[in-house]
Amino acid sequence: MAFTTQCQIFTQAEVASLRIGGAILRDCLAHTALLVRPGISTLELDAAAETFILARGGRPAFKGYFGFTATLCTSINDEVVHGIPRSERMLKEGEIISLDCGVIYDDLYTDACVSVGVGQIAPKAQAFLAYTSQTLEDVIHEVVRAGVQTGDISSFIEMRLKKGGYEAVRTLTGHGLGTTLHQFPDVPNVGKKGTGPVLPVGTMIAIEPIATMGSAEVYTADDGWTVLTTDGSLACHFEHSVLLTKDGVEVIA
């Protein structure tokens with residue numbers, strides 16, 4: 001591996017490992033999302049995710065990270081990010097939940113998130129999830145490539161979410177990743193085109209629109225982890241780890 005202007009650049013052997021780790025993570029999130037239903041606890045979802053990752057030869061990236069106790073972040077309704085799985089927190093019909101997870105494989109990190117409804121959810125909540133998810137897909141296909149600046153990504157996400165009537169959380173960002181979970185550069189969800197570091201061929205970033213249906217103002221709960229909207233509005237979070245190649249972009253996880 002090497003670092004160019006602080007961005008980590010991966011060898012072909014490392015890219016092969018990232019692809020394996022990314023496949024584990026993608027499949028884990030798909031598996032865990034299918035388990036989401038009224039009456040299941042967030043701790044049960046966490047256990048299922050950890051079992052899946054270990055069985056495929058990976059390691060949970062979040063567990064033990066700065067003292068975090070779980071494999072998943074399970075953030076429900078007005079919980080924006082970093083919700084802690086708990087045995088007593090049973091999911092209820094009509095709620096929404098973000099499932100954020102990371103995998104370590106060959107000492108390299110991948111990071112991804114999906115948000116899903118619990119049972120039947122309100123049409124406005126379903127539209128919110130679909131719109132934010134599509135924003136992630138669109139920024140990857142329309143903007144992300146080697147040579148762009150992080151502000152190009154940030155501006156697209158901010159403007160696209162505003163167009164849908166939603167807000168991007170300013171204080172929470174995407175990031176580089178590789179030998180560590182969070183590294184240079186930050187990839188904010190709010191910004192100005194033509195600003196920020198240039199992204200070179202061979203680096204990987206996590207892009208993660210984090211959106212609210214109301215105010216983008218947030219606060220951290222007494223548990224020291226869970227971030228919530230100040231006005232109680234719904235929040236959701238979608239994330240991919242993407243590798244910038246000479247031919248375009250590869251979604252790793």
# chains A, B, ... in the order shown; residues from 1 in each chain; ligands from 1
>>> residues_around(residues="stretch 175-188 of chain A", least_positions_apart="3", cutoff="9 Å", atoms="only C-alpha atoms", output="PyMOL selection string")
chain A and resi 6-10+18+61-62+102+104+107-111+150-151+153-155+157+169-172+191+196-197+199+203-209+241
>>> write_last_selection(atoms="N, CA and C atoms", output="CSV table (one decimal), in the first residue's frame")
chain,number,residue,atom,x,y,z
A,6,GLN,N,-2.0,11.9,1.3
A,6,GLN,CA,-2.7,11.4,2.5
A,6,GLN,C,-3.8,10.4,2.2
A,7,CYS,N,-4.2,10.2,1.0
A,7,CYS,CA,-5.1,9.2,0.7
A,7,CYS,C,-4.4,7.8,0.5
A,8,GLN,N,-5.0,6.8,1.1
A,8,GLN,CA,-4.4,5.5,1.0
A,8,GLN,C,-4.7,4.9,-0.4
A,9,ILE,N,-3.6,4.4,-1.0
A,9,ILE,CA,-3.7,3.8,-2.3
A,9,ILE,C,-3.5,2.3,-2.2
A,10,PHE,N,-4.3,1.4,-2.7
A,10,PHE,CA,-4.3,0.0,-2.5
A,10,PHE,C,-3.6,-0.8,-3.6
A,18,LEU,N,-10.2,-6.4,-0.1
A,18,LEU,CA,-11.3,-5.5,0.1
A,18,LEU,C,-12.6,-6.1,-0.5
A,61,ALA,N,-15.9,-4.8,12.6
A,61,ALA,CA,-15.1,-3.7,12.7
A,61,ALA,C,-15.5,-2.7,13.8
A,62,PHE,N,-16.7,-2.7,14.2
A,62,PHE,CA,-17.2,-1.7,15.2
A,62,PHE,C,-17.0,-2.2,16.6
A,102,GLY,N,-19.5,-2.7,9.9
A,102,GLY,CA,-18.2,-2.7,9.3
A,102,GLY,C,-17.6,-4.1,9.4
A,104,ILE,N,-13.7,-6.3,9.0
A,104,ILE,CA,-12.3,-6.3,8.9
A,104,ILE,C,-12.0,-7.7,8.2
A,107,ASP,N,-7.0,-7.4,7.7
A,107,ASP,CA,-6.7,-6.2,8.4
A,107,ASP,C,-7.1,-4.9,7.6
A,108,LEU,N,-8.0,-5.1,6.7
A,108,LEU,CA,-8.6,-3.9,5.9
A,108,LEU,C,-10.1,-3.8,6.2
A,109,TYR,N,-10.5,-2.5,6.3
A,109,TYR,CA,-11.9,-2.2,6.8
A,109,TYR,C,-12.8,-1.9,5.6
A,110,THR,N,-14.0,-2.3,5.7
A,110,THR,CA,-15.1,-1.9,4.9
A,110,THR,C,-16.3,-1.4,5.8
A,111,ASP,N,-17.1,-0.6,5.3
A,111,ASP,CA,-18.1,0.1,6.1
A,111,ASP,C,-19.4,0.4,5.2
A,150,THR,N,-13.7,16.3,-2.9
A,150,THR,CA,-14.8,15.9,-1.9
A,150,THR,C,-15.9,16.8,-1.9
A,151,GLY,N,-15.7,18.1,-2.1
A,151,GLY,CA,-16.8,19.1,-2.1
A,151,GLY,C,-17.8,18.8,-3.2
A,153,ILE,N,-18.8,15.9,-4.2
A,153,ILE,CA,-19.7,14.9,-3.6
A,153,ILE,C,-20.6,15.5,-2.6
A,154,SER,N,-20.1,16.3,-1.7
A,154,SER,CA,-20.8,16.9,-0.6
A,154,SER,C,-22.0,17.8,-1.2
A,155,SER,N,-21.6,18.6,-2.2
A,155,SER,CA,-22.6,19.5,-2.7
A,155,SER,C,-23.7,18.8,-3.4
A,157,ILE,N,-24.9,15.8,-2.7
A,157,ILE,CA,-25.8,15.2,-1.6
A,157,ILE,C,-26.6,16.2,-1.0
A,169,VAL,N,-27.4,16.0,7.6
A,169,VAL,CA,-26.8,16.3,8.9
A,169,VAL,C,-25.3,16.8,8.6
A,170,ARG,N,-25.1,18.0,9.0
A,170,ARG,CA,-23.8,18.7,8.7
A,170,ARG,C,-22.6,18.1,9.6
A,171,THR,N,-22.9,17.6,10.8
A,171,THR,CA,-21.8,17.3,11.7
A,171,THR,C,-21.4,15.8,11.5
A,172,LEU,N,-22.0,15.0,10.6
A,172,LEU,CA,-21.7,13.6,10.4
A,172,LEU,C,-21.2,13.5,9.0
A,191,GLY,N,-21.6,20.8,1.4
A,191,GLY,CA,-20.4,21.4,1.0
A,191,GLY,C,-20.6,22.2,-0.3
A,196,GLY,N,-12.2,21.1,-1.3
A,196,GLY,CA,-11.8,19.8,-0.6
A,196,GLY,C,-10.7,19.1,-1.4
A,197,PRO,N,-10.2,18.0,-0.7
A,197,PRO,CA,-9.1,17.2,-1.3
A,197,PRO,C,-9.5,16.5,-2.6
A,199,LEU,N,-9.5,13.4,-5.0
A,199,LEU,CA,-9.5,11.9,-4.8
A,199,LEU,C,-8.7,11.2,-5.9
A,203,THR,N,-7.9,4.9,-4.3
A,203,THR,CA,-8.2,5.1,-3.0
A,203,THR,C,-9.7,4.7,-2.7
A,204,MET,N,-10.1,4.5,-1.5
A,204,MET,CA,-11.5,4.1,-1.1
A,204,MET,C,-12.0,5.1,-0.1
A,205,ILE,N,-13.3,5.4,-0.3
A,205,ILE,CA,-14.0,6.3,0.6
A,205,ILE,C,-15.4,5.7,0.9
A,206,ALA,N,-15.8,6.0,2.1
A,206,ALA,CA,-17.2,5.7,2.5
A,206,ALA,C,-18.1,6.9,2.3
A,207,ILE,N,-19.1,6.8,1.4
A,207,ILE,CA,-20.0,7.8,1.1
A,207,ILE,C,-21.3,7.5,1.9
A,208,GLU,N,-21.8,8.4,2.7
A,208,GLU,CA,-23.0,8.1,3.5
A,208,GLU,C,-23.9,9.2,3.7
A,209,PRO,N,-24.9,9.4,2.8
A,209,PRO,CA,-25.9,10.4,3.1
A,209,PRO,C,-26.7,10.1,4.4
A,241,SER,N,-19.0,1.7,0.7
A,241,SER,CA,-17.6,1.9,0.5
A,241,SER,C,-17.3,1.7,-0.9
>>> select_by_dssp(residues="stretch 10-193 of chain A", states="helix (DSSP H, G or I)", output="tab-separated table (two decimals) with N, CA and C atoms, in the first residue's frame")
chain	number	residue	atom	x	y	z
A	12	GLN	N	-3.10	-4.34	-5.85
A	12	GLN	CA	-4.08	-5.27	-6.40
A	12	GLN	C	-4.40	-6.39	-5.42
A	13	ALA	N	-3.41	-6.83	-4.66
A	13	ALA	CA	-3.66	-7.86	-3.64
A	13	ALA	C	-4.58	-7.34	-2.56
A	14	GLU	N	-4.38	-6.09	-2.17
A	14	GLU	CA	-5.25	-5.49	-1.16
A	14	GLU	C	-6.66	-5.28	-1.70
A	15	VAL	N	-6.77	-4.89	-2.95
A	15	VAL	CA	-8.09	-4.74	-3.56
A	15	VAL	C	-8.84	-6.07	-3.54
A	16	ALA	N	-8.12	-7.16	-3.80
A	16	ALA	CA	-8.75	-8.49	-3.75
A	16	ALA	C	-9.29	-8.77	-2.35
A	17	SER	N	-8.55	-8.40	-1.33
A	17	SER	CA	-9.01	-8.59	0.05
A	17	SER	C	-10.20	-7.69	0.36
A	18	LEU	N	-10.15	-6.45	-0.11
A	18	LEU	CA	-11.28	-5.53	0.10
A	18	LEU	C	-12.55	-6.09	-0.53
A	19	ARG	N	-12.42	-6.69	-1.69
A	19	ARG	CA	-13.60	-7.26	-2.35
A	19	ARG	C	-14.20	-8.40	-1.53
A	20	ILE	N	-13.35	-9.21	-0.93
A	20	ILE	CA	-13.86	-10.30	-0.09
A	20	ILE	C	-14.55	-9.73	1.15
A	21	GLY	N	-13.88	-8.78	1.82
A	21	GLY	CA	-14.48	-8.16	3.00
A	21	GLY	C	-15.76	-7.44	2.66
A	22	GLY	N	-15.78	-6.76	1.51
A	22	GLY	CA	-16.98	-6.06	1.09
A	22	GLY	C	-18.13	-6.99	0.81
A	23	ALA	N	-17.85	-8.14	0.21
A	23	ALA	CA	-18.91	-9.12	-0.05
A	23	ALA	C	-19.48	-9.67	1.25
A	24	ILE	N	-18.61	-9.90	2.23
A	24	ILE	CA	-19.09	-10.35	3.54
A	24	ILE	C	-20.04	-9.31	4.13
A	25	LEU	N	-19.64	-8.04	4.04
A	25	LEU	CA	-20.45	-6.97	4.62
A	25	LEU	C	-21.77	-6.80	3.88
A	26	ARG	N	-21.74	-6.79	2.57
A	26	ARG	CA	-22.98	-6.66	1.80
A	26	ARG	C	-23.95	-7.79	2.13
A	27	ASP	N	-23.44	-9.00	2.15
A	27	ASP	CA	-24.30	-10.15	2.43
A	27	ASP	C	-24.81	-10.13	3.87
A	28	CYS	N	-23.97	-9.66	4.79
A	28	CYS	CA	-24.38	-9.56	6.19
A	28	CYS	C	-25.55	-8.58	6.34
A	29	LEU	N	-25.44	-7.42	5.72
A	29	LEU	CA	-26.52	-6.44	5.83
A	29	LEU	C	-27.80	-6.93	5.17
A	30	ALA	N	-27.67	-7.62	4.04
A	30	ALA	CA	-28.86	-8.17	3.39
A	30	ALA	C	-29.52	-9.22	4.28
A	31	HIS	N	-28.70	-10.07	4.88
A	31	HIS	CA	-29.19	-11.11	5.79
A	31	HIS	C	-29.88	-10.49	7.01
A	32	THR	N	-29.23	-9.50	7.61
A	32	THR	CA	-29.77	-8.89	8.83
A	32	THR	C	-31.04	-8.10	8.53
A	33	ALA	N	-31.07	-7.41	7.40
A	33	ALA	CA	-32.27	-6.64	7.05
A	33	ALA	C	-33.50	-7.53	6.91
A	34	LEU	N	-33.30	-8.75	6.42
A	34	LEU	CA	-34.43	-9.68	6.28
A	34	LEU	C	-34.98	-10.14	7.62
A	35	LEU	N	-34.18	-10.02	8.67
A	35	LEU	CA	-34.62	-10.41	10.01
A	35	LEU	C	-35.43	-9.32	10.70
A	42	THR	N	-33.06	-5.43	19.05
A	42	THR	CA	-31.88	-4.97	18.33
A	42	THR	C	-30.65	-5.79	18.71
A	43	LEU	N	-30.63	-6.36	19.92
A	43	LEU	CA	-29.50	-7.21	20.31
A	43	LEU	C	-29.53	-8.52	19.52
A	44	GLU	N	-30.72	-9.05	19.21
A	44	GLU	CA	-30.81	-10.25	18.38
A	44	GLU	C	-30.28	-9.97	16.97
A	45	LEU	N	-30.59	-8.81	16.43
A	45	LEU	CA	-30.06	-8.44	15.12
A	45	LEU	C	-28.54	-8.35	15.17
A	46	ASP	N	-28.03	-7.78	16.25
A	46	ASP	CA	-26.59	-7.65	16.41
A	46	ASP	C	-25.91	-9.02	16.47
A	47	ALA	N	-26.49	-9.93	17.23
A	47	ALA	CA	-25.92	-11.28	17.35
A	47	ALA	C	-25.92	-12.00	16.00
A	48	ALA	N	-27.00	-11.81	15.24
A	48	ALA	CA	-27.08	-12.45	13.93
A	48	ALA	C	-26.01	-11.90	13.00
A	49	ALA	N	-25.79	-10.61	13.04
A	49	ALA	CA	-24.77	-9.99	12.18
A	49	ALA	C	-23.37	-10.49	12.56
A	50	GLU	N	-23.08	-10.54	13.85
A	50	GLU	CA	-21.76	-10.99	14.28
A	50	GLU	C	-21.52	-12.45	13.89
A	51	THR	N	-22.51	-13.29	14.11
A	51	THR	CA	-22.39	-14.70	13.74
A	51	THR	C	-22.11	-14.85	12.25
A	52	PHE	N	-22.81	-14.06	11.44
A	52	PHE	CA	-22.65	-14.12	9.99
A	52	PHE	C	-21.24	-13.73	9.58
A	53	ILE	N	-20.75	-12.63	10.11
A	53	ILE	CA	-19.41	-12.14	9.75
A	53	ILE	C	-18.33	-13.14	10.14
A	54	LEU	N	-18.42	-13.66	11.35
A	54	LEU	CA	-17.41	-14.62	11.81
A	54	LEU	C	-17.43	-15.91	10.99
A	55	ALA	N	-18.63	-16.34	10.62
A	55	ALA	CA	-18.76	-17.57	9.84
A	55	ALA	C	-18.15	-17.44	8.46
A	65	TYR	N	-14.42	-0.70	19.05
A	65	TYR	CA	-13.90	0.54	18.48
A	65	TYR	C	-14.21	1.71	19.41
A	66	PHE	N	-13.17	2.27	20.01
A	66	PHE	CA	-13.33	3.32	21.03
A	66	PHE	C	-14.31	2.90	22.12
A	67	GLY	N	-14.37	1.59	22.39
A	67	GLY	CA	-15.20	1.08	23.47
A	67	GLY	C	-16.62	0.73	23.07
A	123	PRO	N	-46.36	5.89	4.30
A	123	PRO	CA	-45.87	6.22	2.95
A	123	PRO	C	-44.81	7.31	2.93
A	124	LYS	N	-44.93	8.32	3.80
A	124	LYS	CA	-43.93	9.38	3.82
A	124	LYS	C	-42.58	8.86	4.30
A	125	ALA	N	-42.60	7.94	5.26
A	125	ALA	CA	-41.35	7.34	5.73
A	125	ALA	C	-40.73	6.47	4.65
A	126	GLN	N	-41.57	5.72	3.93
A	126	GLN	CA	-41.06	4.88	2.84
A	126	GLN	C	-40.44	5.73	1.74
A	127	ALA	N	-41.09	6.84	1.41
A	127	ALA	CA	-40.55	7.74	0.39
A	127	ALA	C	-39.23	8.34	0.84
A	128	PHE	N	-39.12	8.66	2.10
A	128	PHE	CA	-37.89	9.21	2.68
A	128	PHE	C	-36.73	8.22	2.54
A	129	LEU	N	-36.98	6.97	2.88
A	129	LEU	CA	-35.94	5.95	2.75
A	129	LEU	C	-35.53	5.78	1.29
A	130	ALA	N	-36.51	5.67	0.42
A	130	ALA	CA	-36.22	5.44	-0.99
A	130	ALA	C	-35.45	6.61	-1.60
A	131	TYR	N	-35.82	7.81	-1.24
A	131	TYR	CA	-35.16	9.00	-1.80
A	131	TYR	C	-33.71	9.10	-1.34
A	132	THR	N	-33.47	8.85	-0.06
A	132	THR	CA	-32.11	8.95	0.47
A	132	THR	C	-31.23	7.85	-0.11
A	133	SER	N	-31.78	6.64	-0.22
A	133	SER	CA	-31.04	5.55	-0.85
A	133	SER	C	-30.68	5.88	-2.29
A	134	GLN	N	-31.62	6.44	-3.03
A	134	GLN	CA	-31.35	6.79	-4.43
A	134	GLN	C	-30.33	7.92	-4.54
A	135	THR	N	-30.33	8.82	-3.57
A	135	THR	CA	-29.33	9.89	-3.55
A	135	THR	C	-27.92	9.30	-3.48
A	136	LEU	N	-27.75	8.28	-2.66
A	136	LEU	CA	-26.44	7.62	-2.59
A	136	LEU	C	-26.08	6.99	-3.93
A	137	GLU	N	-27.00	6.27	-4.53
A	137	GLU	CA	-26.70	5.63	-5.81
A	137	GLU	C	-26.39	6.67	-6.89
A	138	ASP	N	-27.14	7.77	-6.88
A	138	ASP	CA	-26.96	8.79	-7.91
A	138	ASP	C	-25.63	9.52	-7.77
A	139	VAL	N	-25.22	9.84	-6.55
A	139	VAL	CA	-23.94	10.55	-6.39
A	139	VAL	C	-22.79	9.67	-6.84
A	140	ILE	N	-22.89	8.37	-6.59
A	140	ILE	CA	-21.84	7.45	-7.02
A	140	ILE	C	-21.76	7.39	-8.54
A	141	HIS	N	-22.90	7.30	-9.21
A	141	HIS	CA	-22.91	7.13	-10.66
A	141	HIS	C	-22.73	8.43	-11.43
A	142	GLU	N	-23.12	9.55	-10.83
A	142	GLU	CA	-23.08	10.81	-11.55
A	142	GLU	C	-21.87	11.68	-11.20
A	150	THR	N	-13.72	16.30	-2.86
A	150	THR	CA	-14.75	15.85	-1.92
A	150	THR	C	-15.93	16.80	-1.89
A	151	GLY	N	-15.70	18.10	-2.10
A	151	GLY	CA	-16.79	19.07	-2.11
A	151	GLY	C	-17.79	18.83	-3.23
A	152	ASP	N	-17.35	18.21	-4.33
A	152	ASP	CA	-18.27	17.88	-5.42
A	152	ASP	C	-19.30	16.85	-4.95
A	153	ILE	N	-18.83	15.88	-4.17
A	153	ILE	CA	-19.72	14.87	-3.60
A	153	ILE	C	-20.65	15.49	-2.57
A	154	SER	N	-20.07	16.28	-1.69
A	154	SER	CA	-20.84	16.91	-0.60
A	154	SER	C	-21.96	17.79	-1.16
A	155	SER	N	-21.61	18.62	-2.16
A	155	SER	CA	-22.59	19.54	-2.74
A	155	SER	C	-23.75	18.78	-3.38
A	156	PHE	N	-23.43	17.71	-4.09
A	156	PHE	CA	-24.47	16.92	-4.75
A	156	PHE	C	-25.44	16.35	-3.71
A	157	ILE	N	-24.90	15.75	-2.65
A	157	ILE	CA	-25.76	15.15	-1.63
A	157	ILE	C	-26.65	16.20	-0.97
A	158	GLU	N	-26.04	17.32	-0.58
A	158	GLU	CA	-26.81	18.37	0.08
A	158	GLU	C	-27.94	18.88	-0.80
A	159	MET	N	-27.63	19.21	-2.06
A	159	MET	CA	-28.62	19.78	-2.95
A	159	MET	C	-29.70	18.77	-3.31
A	160	ARG	N	-29.31	17.50	-3.53
A	160	ARG	CA	-30.30	16.47	-3.88
A	160	ARG	C	-31.27	16.24	-2.72
A	161	LEU	N	-30.75	16.17	-1.49
A	161	LEU	CA	-31.64	15.97	-0.35
A	161	LEU	C	-32.58	17.17	-0.17
A	162	LYS	N	-32.06	18.38	-0.32
A	162	LYS	CA	-32.91	19.57	-0.21
A	162	LYS	C	-34.01	19.56	-1.26
A	163	LYS	N	-33.68	19.11	-2.46
A	163	LYS	CA	-34.68	19.04	-3.53
A	163	LYS	C	-35.84	18.13	-3.15
>>> closest_residue(among="A:Gly64, A:Gly202, A:Gly248, A:Gly94", to="A:Ile121", atoms="only C-alpha atoms")
A:Gly94
>>> closest_residue(among="A:Val251, A:Thr226, A:Pro85, A:Ile96", to="A:Ala122", atoms="only C-alpha atoms")
A:Ile96
>>> closest_residue(among="A:Ala211, A:Ile97, A:Cys73, A:Leu91", to="A:Ala112", atoms="only C-alpha atoms")
A:Cys73
>>> residues_around(residues="A:Phe68", least_positions_apart="5", cutoff="10 Å", atoms="only C-alpha atoms", output="MDAnalysis selection string")
chainID A and resid 62:63 73 82 84 224:225
>>> write_last_selection(atoms="C-alpha atoms", output="CSV table (one decimal), in the first residue's frame")
chain,number,residue,atom,x,y,z
A,62,PHE,CA,-17.2,-1.7,15.2
A,63,LYS,CA,-17.0,-4.0,18.2
A,73,CYS,CA,-25.2,0.3,15.1
A,82,HIS,CA,-24.5,5.0,16.6
A,84,ILE,CA,-26.5,0.7,20.7
A,224,GLY,CA,-22.3,8.8,24.9
A,225,TRP,CA,-23.0,7.2,21.5
>>> closest_residue(among="A:Cys236, A:Ala146, A:Met213, A:Val190", to="A:Glu250", atoms="only C-alpha atoms")
A:Ala146
>>> select_by_dssp(residues="stretch 14-253 of chain A", states="strand (DSSP E)", output="VMD selection string")
chain A and resid 59 to 60 72 to 76 79 to 81 96 to 105 108 to 117 167 to 168 173 to 176 183 to 188 204 to 207 210 to 212 218 to 220 227 to 229 235 to 237 240 to 245 248 to 251
>>> atom_distance(atom1="atom CA of A:Arg86", atom2="atom CA of A:Ser41")
6.9 Å
